[in-house]
$ cat input_20.cif   # mmCIF, C-alpha atoms
data_final
loop_
_atom_site.group_PDB
_atom_site.id
_atom_site.type_symbol
_atom_site.label_atom_id
_atom_site.label_comp_id
_atom_site.auth_asym_id
_atom_site.auth_seq_id
_atom_site.Cartn_x
_atom_site.Cartn_y
_atom_site.Cartn_z
ATOM 1 C CA MET A 28 -2.733 -2.825 25.800
ATOM 2 C CA GLU A 29 -6.091 -1.303 24.870
ATOM 3 C CA VAL A 30 -4.763 0.282 21.664
ATOM 4 C CA ASN A 31 -3.529 -3.097 20.397
ATOM 5 C CA LYS A 32 -6.889 -4.716 21.204
ATOM 6 C CA TRP A 33 -8.656 -1.920 19.328
ATOM 7 C CA ALA A 34 -6.335 -2.302 16.311
ATOM 8 C CA ALA A 35 -6.881 -6.066 16.186
ATOM 9 C CA ASN A 36 -10.638 -5.618 16.309
ATOM 10 C CA GLU A 37 -10.699 -2.902 13.635
ATOM 11 C CA THR A 38 -8.492 -4.906 11.235
ATOM 12 C CA LYS A 39 -10.261 -8.267 11.727
ATOM 13 C CA GLY A 40 -7.237 -9.696 13.486
ATOM 14 C CA LYS A 41 -4.748 -8.888 10.696
ATOM 15 C CA ILE A 42 -2.827 -6.425 12.880
ATOM 16 C CA GLU A 43 -2.548 -7.435 16.526
ATOM 17 C CA GLU A 44 0.727 -6.358 18.189
ATOM 18 C CA PHE A 45 0.635 -2.808 16.859
ATOM 19 C CA LEU A 46 2.312 -0.656 19.498
ATOM 20 C CA PRO A 47 5.535 -2.305 20.712
ATOM 21 C CA PRO A 48 6.395 -2.759 24.407
ATOM 22 C CA ASN A 49 7.456 0.419 26.221
ATOM 23 C CA SER A 50 6.090 2.663 23.449
ATOM 24 C CA VAL A 51 3.580 4.100 25.938
ATOM 25 C CA GLY A 52 4.968 5.345 29.237
ATOM 26 C CA GLY A 53 4.294 7.579 32.162
ATOM 27 C CA ASP A 54 4.802 10.743 30.115
ATOM 28 C CA THR A 55 2.271 9.692 27.460
ATOM 29 C CA ARG A 56 -0.772 11.957 27.491
ATOM 30 C CA LEU A 57 -2.435 11.272 24.162
ATOM 31 C CA ILE A 58 -2.512 8.612 21.427
ATOM 32 C CA LEU A 59 -4.074 9.488 18.066
ATOM 33 C CA ALA A 60 -4.767 6.351 16.034
ATOM 34 C CA ASN A 61 -6.641 5.431 12.896
ATOM 35 C CA ALA A 62 -7.313 2.065 11.285
ATOM 36 C CA LEU A 63 -8.234 1.016 7.771
ATOM 37 C CA TYR A 64 -9.581 -2.355 6.632
ATOM 38 C CA LEU A 65 -10.476 -3.376 3.089
ATOM 39 C CA LYS A 66 -11.641 -6.703 1.722
ATOM 40 C CA GLY A 67 -12.538 -6.497 -1.948
ATOM 41 C CA ALA A 68 -13.429 -9.039 -4.615
ATOM 42 C CA TRP A 69 -12.237 -8.442 -8.165
ATOM 43 C CA GLN A 70 -14.849 -7.463 -10.736
ATOM 44 C CA LYS A 71 -13.121 -10.017 -12.945
ATOM 45 C CA ASN A 72 -11.635 -12.697 -10.757
ATOM 46 C CA PHE A 73 -8.817 -15.022 -11.752
ATOM 47 C CA ASP A 74 -9.470 -18.689 -12.440
ATOM 48 C CA LEU A 75 -7.675 -20.648 -9.730
ATOM 49 C CA SER A 76 -7.172 -23.587 -12.088
ATOM 50 C CA ALA A 77 -5.292 -21.294 -14.505
ATOM 51 C CA THR A 78 -2.696 -20.307 -11.886
ATOM 52 C CA LYS A 79 0.647 -21.884 -12.675
ATOM 53 C CA GLU A 80 4.239 -21.767 -11.509
ATOM 54 C CA GLY A 81 6.336 -19.069 -13.136
ATOM 55 C CA THR A 82 9.704 -17.394 -12.761
ATOM 56 C CA PHE A 83 9.966 -14.142 -10.796
ATOM 57 C CA ASN A 84 13.241 -12.247 -11.221
ATOM 58 C CA LEU A 85 14.692 -10.590 -8.108
ATOM 59 C CA LEU A 86 16.680 -7.367 -8.012
ATOM 60 C CA LYS A 87 19.962 -9.085 -7.174
ATOM 61 C CA GLY A 88 19.938 -11.226 -10.316
ATOM 62 C CA GLU A 89 18.454 -14.320 -8.696
ATOM 63 C CA SER A 90 15.021 -15.779 -9.436
ATOM 64 C CA VAL A 91 12.323 -17.772 -7.633
ATOM 65 C CA GLN A 92 9.393 -19.915 -8.733
ATOM 66 C CA VAL A 93 6.045 -18.444 -7.650
ATOM 67 C CA PRO A 94 2.316 -19.051 -8.325
ATOM 68 C CA MET A 95 1.377 -16.789 -11.235
ATOM 69 C CA MET A 96 -2.250 -15.816 -11.807
ATOM 70 C CA THR A 97 -3.122 -15.776 -15.509
ATOM 71 C CA THR A 98 -6.109 -14.642 -17.541
ATOM 72 C CA THR A 99 -7.410 -14.201 -21.065
ATOM 73 C CA LYS A 100 -10.010 -11.621 -20.058
ATOM 74 C CA SER A 101 -9.571 -8.051 -21.264
ATOM 75 C CA ARG A 102 -7.949 -5.695 -18.786
ATOM 76 C CA SER A 103 -7.202 -2.014 -18.372
ATOM 77 C CA ILE A 104 -3.501 -1.738 -19.269
ATOM 78 C CA GLN A 105 -1.716 1.449 -20.232
ATOM 79 C CA VAL A 106 1.855 2.204 -21.230
ATOM 80 C CA VAL A 107 3.354 5.285 -19.576
ATOM 81 C CA ASP A 108 6.980 6.299 -20.128
ATOM 82 C CA ASP A 109 9.080 3.378 -18.888
ATOM 83 C CA CYS A 110 6.365 1.365 -17.142
ATOM 84 C CA LYS A 111 3.014 -0.337 -17.606
ATOM 85 C CA ILE A 112 0.021 0.209 -15.343
ATOM 86 C CA LEU A 113 -2.616 -2.456 -14.754
ATOM 87 C CA ARG A 114 -5.945 -1.526 -13.156
ATOM 88 C CA LEU A 115 -7.839 -4.216 -11.257
ATOM 89 C CA PRO A 116 -11.206 -2.825 -10.098
ATOM 90 C CA TYR A 117 -13.126 -4.295 -7.174
ATOM 91 C CA PHE A 118 -16.856 -4.965 -7.037
ATOM 92 C CA GLN A 119 -18.658 -1.788 -6.034
ATOM 93 C CA GLY A 120 -20.604 -1.766 -2.773
ATOM 94 C CA GLN A 121 -23.948 -0.185 -2.040
ATOM 95 C CA ASP A 122 -22.552 3.349 -1.947
ATOM 96 C CA ASN A 123 -21.014 5.263 -4.850
ATOM 97 C CA ARG A 124 -17.374 4.608 -3.949
ATOM 98 C CA SER A 125 -15.245 2.736 -6.475
ATOM 99 C CA PHE A 126 -11.992 1.048 -5.404
ATOM 100 C CA SER A 127 -9.207 -0.301 -7.616
ATOM 101 C CA MET A 128 -5.748 -1.776 -7.290
ATOM 102 C CA TYR A 129 -3.112 -0.470 -9.683
ATOM 103 C CA ILE A 130 0.004 -2.492 -10.452
ATOM 104 C CA ILE A 131 2.860 -0.272 -11.691
ATOM 105 C CA LEU A 132 5.355 -2.489 -13.498
ATOM 106 C CA PRO A 133 8.700 -1.050 -14.686
ATOM 107 C CA ASN A 134 9.798 -2.191 -18.124
ATOM 108 C CA ASP A 135 13.290 -2.955 -16.867
ATOM 109 C CA ILE A 136 13.692 -6.028 -14.650
ATOM 110 C CA ASN A 137 15.786 -3.950 -12.225
ATOM 111 C CA GLY A 138 13.861 -0.731 -12.805
ATOM 112 C CA LEU A 139 11.858 -0.517 -9.562
ATOM 113 C CA PRO A 140 14.300 1.670 -7.543
ATOM 114 C CA GLU A 141 14.516 4.244 -10.342
ATOM 115 C CA LEU A 142 10.743 4.140 -10.880
ATOM 116 C CA GLU A 143 10.091 4.806 -7.193
ATOM 117 C CA ARG A 144 12.456 7.783 -7.242
ATOM 118 C CA LYS A 145 10.607 9.314 -10.179
ATOM 119 C CA LEU A 146 7.017 8.767 -9.083
ATOM 120 C CA ASP A 147 5.221 11.610 -7.340
ATOM 121 C CA LEU A 148 1.656 12.617 -6.506
ATOM 122 C CA ASN A 149 1.274 14.322 -9.873
ATOM 123 C CA PHE A 150 2.007 11.034 -11.657
ATOM 124 C CA LEU A 151 -0.370 9.090 -9.405
ATOM 125 C CA GLU A 152 -3.183 11.610 -9.896
ATOM 126 C CA HIS A 153 -2.867 11.675 -13.682
ATOM 127 C CA HIS A 154 -2.209 8.040 -14.499
ATOM 128 C CA LEU A 155 -4.057 6.030 -11.833
ATOM 129 C CA SER A 156 -7.576 6.323 -13.165
ATOM 130 C CA PRO A 157 -10.080 4.146 -15.059
ATOM 131 C CA ARG A 158 -9.058 3.489 -18.662
ATOM 132 C CA SER A 159 -10.463 1.550 -21.579
ATOM 133 C CA GLU A 160 -9.742 -2.170 -21.488
ATOM 134 C CA VAL A 161 -7.578 -3.877 -24.087
ATOM 135 C CA LYS A 162 -7.249 -7.433 -25.219
ATOM 136 C CA VAL A 163 -4.675 -9.392 -23.250
ATOM 137 C CA ARG A 164 -2.090 -11.403 -25.151
ATOM 138 C CA SER A 165 -0.003 -12.750 -22.279
ATOM 139 C CA PHE A 166 -0.695 -12.082 -18.615
ATOM 140 C CA GLN A 167 1.082 -13.094 -15.403
ATOM 141 C CA LEU A 168 0.634 -11.617 -11.937
ATOM 142 C CA PRO A 169 1.966 -13.346 -8.818
ATOM 143 C CA ARG A 170 -0.053 -13.900 -5.709
ATOM 144 C CA PHE A 171 1.550 -11.892 -2.931
ATOM 145 C CA LYS A 172 1.260 -11.012 0.722
ATOM 146 C CA VAL A 173 3.149 -8.073 2.214
ATOM 147 C CA SER A 174 3.228 -6.569 5.678
ATOM 148 C CA SER A 175 5.246 -3.893 7.459
ATOM 149 C CA ASN A 176 5.618 -2.603 10.988
ATOM 150 C CA VAL A 177 7.735 0.515 11.278
ATOM 151 C CA ASN A 178 8.426 3.412 13.571
ATOM 152 C CA ALA A 179 8.059 6.250 11.058
ATOM 153 C CA THR A 180 9.496 8.954 13.319
ATOM 154 C CA GLU A 181 12.935 9.177 11.715
ATOM 155 C CA ILE A 182 11.456 8.765 8.231
ATOM 156 C CA LEU A 183 9.234 11.804 8.759
ATOM 157 C CA LYS A 184 12.088 13.824 10.260
ATOM 158 C CA ASN A 185 14.296 13.034 7.259
ATOM 159 C CA MET A 186 11.490 14.251 5.003
ATOM 160 C CA GLY A 187 11.573 17.606 6.794
ATOM 161 C CA LEU A 188 8.766 17.161 9.338
ATOM 162 C CA VAL A 189 10.795 18.209 12.384
ATOM 163 C CA LEU A 190 8.796 20.809 14.316
ATOM 164 C CA PRO A 191 6.052 18.466 15.695
ATOM 165 C CA PHE A 192 8.765 16.362 17.394
ATOM 166 C CA SER A 193 10.737 19.284 18.820
ATOM 167 C CA ASP A 194 10.561 21.231 22.066
ATOM 168 C CA ASP A 195 8.985 24.079 20.083
ATOM 169 C CA ALA A 196 5.910 21.979 19.278
ATOM 170 C CA ASN A 197 2.750 22.876 21.141
ATOM 171 C CA PHE A 198 -0.372 20.733 20.848
ATOM 172 C CA ASN A 199 -1.685 21.815 24.251
ATOM 173 C CA ASP A 200 -5.040 22.924 22.820
ATOM 174 C CA MET A 201 -5.826 19.261 22.153
ATOM 175 C CA VAL A 202 -5.919 18.364 25.854
ATOM 176 C CA ASP A 203 -6.429 19.986 29.226
ATOM 177 C CA CYS A 204 -2.831 20.956 29.935
ATOM 178 C CA VAL A 205 -1.470 22.254 33.216
ATOM 179 C CA SER A 206 2.212 22.706 32.436
ATOM 180 C CA GLY A 207 4.755 21.728 29.823
ATOM 181 C CA ARG A 208 4.220 21.252 26.115
ATOM 182 C CA LEU A 209 2.538 18.420 24.273
ATOM 183 C CA CYS A 210 4.599 17.139 21.309
ATOM 184 C CA ILE A 211 4.806 14.021 19.165
ATOM 185 C CA SER A 212 7.284 11.439 20.417
ATOM 186 C CA ASP A 213 6.711 8.572 17.958
ATOM 187 C CA VAL A 214 4.690 7.639 14.879
ATOM 188 C CA PHE A 215 4.009 3.931 14.380
ATOM 189 C CA HIS A 216 2.602 2.408 11.205
ATOM 190 C CA ASN A 217 1.589 -1.201 10.540
ATOM 191 C CA SER A 218 0.081 -2.522 7.315
ATOM 192 C CA PHE A 219 -0.947 -5.793 5.670
ATOM 193 C CA VAL A 220 -1.950 -6.555 2.063
ATOM 194 C CA GLU A 221 -2.772 -9.949 0.526
ATOM 195 C CA VAL A 222 -3.653 -10.462 -3.148
ATOM 196 C CA ASN A 223 -4.952 -13.704 -4.654
ATOM 197 C CA GLU A 224 -7.324 -14.994 -7.355
ATOM 198 C CA GLU A 225 -10.442 -13.743 -5.556
ATOM 199 C CA GLY A 226 -9.393 -10.255 -4.549
ATOM 200 C CA THR A 227 -7.572 -8.311 -1.851
ATOM 201 C CA GLU A 228 -7.567 -8.117 1.915
ATOM 202 C CA ALA A 229 -5.748 -5.129 3.337
ATOM 203 C CA ALA A 230 -5.412 -3.404 6.685
ATOM 204 C CA ALA A 231 -3.400 -0.549 8.158
ATOM 205 C CA VAL A 232 -3.104 1.218 11.493
ATOM 206 C CA THR A 233 -1.227 4.440 12.255
ATOM 207 C CA ALA A 234 -0.715 6.018 15.668
ATOM 208 C CA LEU A 235 0.878 9.231 16.910
ATOM 209 C CA VAL A 236 2.118 8.983 20.474
ATOM 210 C CA MET A 237 2.302 12.381 22.187
ATOM 211 C CA GLU A 238 4.190 13.128 25.375
ATOM 212 C CA TRP A 239 5.421 16.018 27.506
ATOM 213 C CA ARG A 240 8.827 17.420 27.022
ATOM 214 C CA CYS A 241 10.472 19.932 28.486
ATOM 215 C CA ALA A 242 3.080 10.560 -22.475
ATOM 216 C CA ILE A 243 0.331 7.818 -22.636
ATOM 217 C CA ILE A 244 -0.005 5.184 -25.472
ATOM 218 C CA TYR A 245 -3.181 3.113 -25.839
ATOM 219 C CA LEU A 246 -2.818 -0.266 -27.529
ATOM 220 C CA ILE A 247 -5.389 -2.676 -28.974
ATOM 221 C CA GLU A 248 -3.522 -5.645 -27.520
ATOM 222 C CA GLU A 249 -1.020 -5.695 -24.683
ATOM 223 C CA ASP A 250 1.018 -8.067 -22.535
ATOM 224 C CA PHE A 251 1.342 -7.706 -18.786
ATOM 225 C CA ILE A 252 3.935 -10.030 -17.317
ATOM 226 C CA ALA A 253 4.770 -9.065 -13.728
ATOM 227 C CA ASP A 254 7.813 -11.320 -13.437
ATOM 228 C CA HIS A 255 9.991 -8.759 -11.629
ATOM 229 C CA PRO A 256 9.614 -6.250 -8.758
ATOM 230 C CA PHE A 257 6.705 -3.812 -9.041
ATOM 231 C CA MET A 258 4.669 -1.253 -7.118
ATOM 232 C CA PHE A 259 1.011 -1.423 -6.155
ATOM 233 C CA VAL A 260 -1.511 1.232 -5.153
ATOM 234 C CA ILE A 261 -5.049 0.809 -3.805
ATOM 235 C CA LYS A 262 -7.139 3.869 -4.549
ATOM 236 C CA GLU A 263 -10.714 5.122 -4.354
ATOM 237 C CA ASP A 264 -11.238 6.289 -7.928
ATOM 238 C CA LYS A 265 -14.013 8.854 -7.461
ATOM 239 C CA SER A 266 -12.325 10.878 -4.721
ATOM 240 C CA GLY A 267 -8.750 10.077 -5.717
ATOM 241 C CA VAL A 268 -7.886 9.069 -2.145
ATOM 242 C CA ILE A 269 -4.925 6.664 -1.995
ATOM 243 C CA LEU A 270 -5.358 4.040 0.724
ATOM 244 C CA PHE A 271 -2.318 1.786 0.322
ATOM 245 C CA VAL A 272 1.024 2.057 -1.475
ATOM 246 C CA GLY A 273 3.693 -0.626 -1.481
ATOM 247 C CA HIS A 274 6.038 -2.710 -3.561
ATOM 248 C CA VAL A 275 6.702 -6.408 -4.116
ATOM 249 C CA LEU A 276 10.337 -7.461 -4.250
ATOM 250 C CA ASN A 277 9.750 -11.184 -3.753
ATOM 251 C CA PRO A 278 6.191 -12.649 -3.723
ATOM 252 C CA LEU A 279 7.390 -15.531 -1.541
ATOM 253 C CA GLU A 280 8.398 -13.176 1.277
ATOM 254 C CA SER A 281 5.841 -11.343 3.357
#

$ encode --input "input_20.cif" --output "structure tokens"
Amino acid sequence: MEVNKWAANETKGKIEEFLPPNSVGGDTRLILANALYLKGAWQKNFDLSATKEGTFNLLKGESVQVPMMTTTKSRSIQVVDDCKILRLPYFQGQDNRSFSMYIILPNDINGLPELERKLDLNFLEHHLSPRSEVKVRSFQLPRFKVSSNVNATEILKNMGLVLPFSDDANFNDMVDCVSGRLCISDVFHNSFVEVNEEGTEAAAVTALVMEWRCAIIYLIEEDFIADHPFMFVIKEDKSGVILFVGHVLNPLES
């Protein structure tokens, strides 16, 4: 399929089988797709020789041994309510854009579900921004690789976005229509993020298939031990645009 070939090319081969079989049929008139690829090196990389095995606690009370990246270099760490936020900036390119990864670590080992329920765009806009660096006392961050491939149609409907999928939708102005109405039948999303000592490689593709139907505390020294499930966000700091959002439940599972 041409869309899958395009997605593989745009994401450097990280996302290949994007649209599943039978997702495009005889009634398909339009596919809107966008792709995003990022490969960034940390401004302050992690020493590979300092990576060591550590314990990562899972939500169900079990634990696994994973490679933990460590450092003694100062980092941007802030304490906000019941979580800590670590900023890991990437080297800046030739333009004026500035990208960073933010690790949002709940204080409670089992606190990720509650943290995700509480977070909103207001929190992300106010707290995910460059901050002063502090001295690191103890630091552990696992290497991780996550990927997802989902049909987001039902997710969007459950969030209240119903009209574009209904018979009342009308996107006919987007194409040369003769009869019938153009509406969205499916929304597919595929993403990939890998974090290691050198930096991050990330990719994402989203497609809409259309068819006919009839309080902050700053500390001088701080620990950051990501030994339990956490969230991550990749953001362009100058514009505030969020590129990737995800969570890590088990660094050994992709």

$ closest_atom_pairs --input "input_20.cif" --of "stretch 128-196 of chain A" --to "stretch 80-86 of chain A" --cutoff "10 Å" --atoms "all atoms listed in the file" --output "JSON lines"
{"residue": "A:Ile136", "atom": "CA", "partner": "A:Asn84", "partner_atom": "CA", "distance": 7.1}
{"residue": "A:Asn137", "atom": "CA", "partner": "A:Leu86", "partner_atom": "CA", "distance": 5.5}
{"residue": "A:Gly138", "atom": "CA", "partner": "A:Leu86", "partner_atom": "CA", "distance": 8.7}
{"residue": "A:Leu139", "atom": "CA", "partner": "A:Leu86", "partner_atom": "CA", "distance": 8.5}
{"residue": "A:Pro140", "atom": "CA", "partner": "A:Leu86", "partner_atom": "CA", "distance": 9.4}
{"residue": "A:Gln167", "atom": "CA", "partner": "A:Gly81", "partner_atom": "CA", "distance": 8.3}
{"residue": "A:Leu168", "atom": "CA", "partner": "A:Gly81", "partner_atom": "CA", "distance": 9.5}
{"residue": "A:Pro169", "atom": "CA", "partner": "A:Phe83", "partner_atom": "CA", "distance": 8.3}

$ residues_around --input "input_20.cif" --residues "stretch 121-128 of chain A" --least-positions-apart "5" --cutoff "8 Å" --atoms "all atoms listed in the file" --output "ChimeraX atom specification"
/A:114-116,259-265

$ write_last_selection --input "input_20.cif" --atoms "C-alpha atoms" --output "tab-separated table (two decimals), in the coordinates of the input"
chain	number	residue	atom	x	y	z
A	114	ARG	CA	-5.94	-1.53	-13.16
A	115	LEU	CA	-7.84	-4.22	-11.26
A	116	PRO	CA	-11.21	-2.82	-10.10
A	259	PHE	CA	1.01	-1.42	-6.16
A	260	VAL	CA	-1.51	1.23	-5.15
A	261	ILE	CA	-5.05	0.81	-3.80
A	262	LYS	CA	-7.14	3.87	-4.55
A	263	GLU	CA	-10.71	5.12	-4.35
A	264	ASP	CA	-11.24	6.29	-7.93
A	265	LYS	CA	-14.01	8.85	-7.46

$ residues_around --input "input_20.cif" --residues "A:Phe45" --least-positions-apart "3" --cutoff "10 Å" --atoms "only C-alpha atoms" --output "PDB file with C-alpha atoms, in the frame of the given file"
ATOM      1  CA  MET A  28      -2.733  -2.825  25.800  1.00  0.00           C
ATOM      2  CA  VAL A  30      -4.763   0.282  21.664  1.00  0.00           C
ATOM      3  CA  ASN A  31      -3.529  -3.097  20.397  1.00  0.00           C
ATOM      4  CA  LYS A  32      -6.889  -4.716  21.204  1.00  0.00           C
ATOM      5  CA  TRP A  33      -8.656  -1.920  19.328  1.00  0.00           C
ATOM      6  CA  ALA A  34      -6.335  -2.302  16.311  1.00  0.00           C
ATOM      7  CA  ALA A  35      -6.881  -6.066  16.186  1.00  0.00           C
ATOM      8  CA  ILE A  42      -2.827  -6.425  12.880  1.00  0.00           C
ATOM      9  CA  PRO A  48       6.395  -2.759  24.407  1.00  0.00           C
ATOM     10  CA  ASN A 176       5.618  -2.603  10.988  1.00  0.00           C
ATOM     11  CA  VAL A 177       7.735   0.515  11.278  1.00  0.00           C
ATOM     12  CA  PHE A 215       4.009   3.931  14.380  1.00  0.00           C
ATOM     13  CA  HIS A 216       2.602   2.408  11.205  1.00  0.00           C
ATOM     14  CA  ASN A 217       1.589  -1.201  10.540  1.00  0.00           C
ATOM     15  CA  SER A 218       0.081  -2.522   7.315  1.00  0.00           C
ATOM     16  CA  ALA A 231      -3.400  -0.549   8.158  1.00  0.00           C
ATOM     17  CA  VAL A 232      -3.104   1.218  11.493  1.00  0.00           C
ATOM     18  CA  THR A 233      -1.227   4.440  12.255  1.00  0.00           C
ATOM     19  CA  ALA A 234      -0.715   6.018  15.668  1.00  0.00           C
TER      20      ALA A 234
END

$ closest_residue --input "input_20.cif" --among "A:Ser76, A:Leu132, A:Thr180, A:Cys210" --to "A:Ser193" --atoms "all atoms listed in the file"
A:Cys210

$ atom_distance --input "input_20.cif" --atom1 "atom CA of A:Val222" --atom2 "atom CA of A:Val107"
23.8 Å

$ axis_aligned_box --input "input_20.cif" --around "stretch 76-83 of chain A" --padding-each-side "5 Å" --output "JSON"
{"center_x": 1.4, "center_y": -18.9, "center_z": -12.7, "size_x": 27.1, "size_y": 19.4, "size_z": 13.7}

$ closest_residue --input "input_20.cif" --among "A:Asp108, A:Asp194, A:Glu221, A:Glu248" --to "A:Pro278" --atoms "all atoms listed in the file"
A:Glu221

$ atom_distance --input "input_20.cif" --atom1 "atom CA of A:Leu75" --atom2 "atom CA of A:Gln119"
22.1 Å

$ atom_distance --input "input_20.cif" --atom1 "atom CA of A:Phe192" --atom2 "atom CA of A:Ala62"
22.4 Å

$ resolve_selection --input "input_20.cif" --expression "the PyMOL selection byres ((chain A and resi 171) around 12)" --output "JSON, numbers by chain"
{"A": [83, 93, 94, 95, 96, 168, 169, 170, 172, 173, 174, 219, 220, 221, 222, 223, 224, 226, 227, 228, 229, 253, 256, 257, 258, 259, 273, 274, 275, 276, 277, 278, 279, 280, 281]}

$ build_atoms --input "input_20.cif" --residues "stretch 61-79 of chain A" --atoms "N, CA and C atoms" --output "tab-separated table (two decimals), in the coordinates of the input"
chain	number	residue	atom	x	y	z
A	61	ASN	N	-5.59	5.73	13.86
A	61	ASN	CA	-6.64	5.43	12.90
A	61	ASN	C	-6.37	4.07	12.28
A	62	ALA	N	-7.43	3.41	11.86
A	62	ALA	CA	-7.31	2.06	11.28
A	62	ALA	C	-8.09	2.01	9.98
A	63	LEU	N	-7.62	1.17	9.09
A	63	LEU	CA	-8.23	1.02	7.77
A	63	LEU	C	-8.28	-0.46	7.44
A	64	TYR	N	-9.45	-0.95	7.01
A	64	TYR	CA	-9.58	-2.36	6.63
A	64	TYR	C	-10.35	-2.43	5.32
A	65	LEU	N	-9.83	-3.21	4.39
A	65	LEU	CA	-10.48	-3.38	3.09
A	65	LEU	C	-10.44	-4.85	2.70
A	66	LYS	N	-11.58	-5.37	2.29
A	66	LYS	CA	-11.64	-6.70	1.72
A	66	LYS	C	-12.49	-6.61	0.47
A	67	GLY	N	-11.84	-6.70	-0.68
A	67	GLY	CA	-12.54	-6.50	-1.95
A	67	GLY	C	-12.39	-7.68	-2.88
A	68	ALA	N	-13.46	-7.99	-3.59
A	68	ALA	CA	-13.43	-9.04	-4.62
A	68	ALA	C	-13.28	-8.38	-5.98
A	69	TRP	N	-12.43	-8.98	-6.83
A	69	TRP	CA	-12.24	-8.44	-8.16
A	69	TRP	C	-13.55	-8.44	-8.95
A	70	GLN	N	-13.73	-7.42	-9.78
A	70	GLN	CA	-14.85	-7.46	-10.74
A	70	GLN	C	-14.68	-8.62	-11.70
A	71	LYS	N	-13.45	-8.86	-12.10
A	71	LYS	CA	-13.12	-10.02	-12.94
A	71	LYS	C	-12.09	-10.85	-12.18
A	72	ASN	N	-12.57	-11.91	-11.56
A	72	ASN	CA	-11.64	-12.70	-10.76
A	72	ASN	C	-10.75	-13.57	-11.65
A	73	PHE	N	-9.74	-14.15	-11.04
A	73	PHE	CA	-8.82	-15.02	-11.75
A	73	PHE	C	-9.20	-16.48	-11.50
A	74	ASP	N	-9.15	-17.28	-12.55
A	74	ASP	CA	-9.47	-18.69	-12.44
A	74	ASP	C	-8.35	-19.39	-11.68
A	75	LEU	N	-8.69	-19.98	-10.54
A	75	LEU	CA	-7.68	-20.65	-9.73
A	75	LEU	C	-6.99	-21.78	-10.49
A	76	SER	N	-7.75	-22.47	-11.34
A	76	SER	CA	-7.17	-23.59	-12.09
A	76	SER	C	-6.17	-23.12	-13.15
A	77	ALA	N	-6.22	-21.82	-13.50
A	77	ALA	CA	-5.29	-21.29	-14.50
A	77	ALA	C	-3.99	-20.78	-13.88
A	78	THR	N	-3.93	-20.74	-12.55
A	78	THR	CA	-2.70	-20.31	-11.89
A	78	THR	C	-1.62	-21.37	-12.06
A	79	LYS	N	-0.44	-20.93	-12.43
A	79	LYS	CA	0.65	-21.88	-12.68
A	79	LYS	C	1.97	-21.31	-12.17
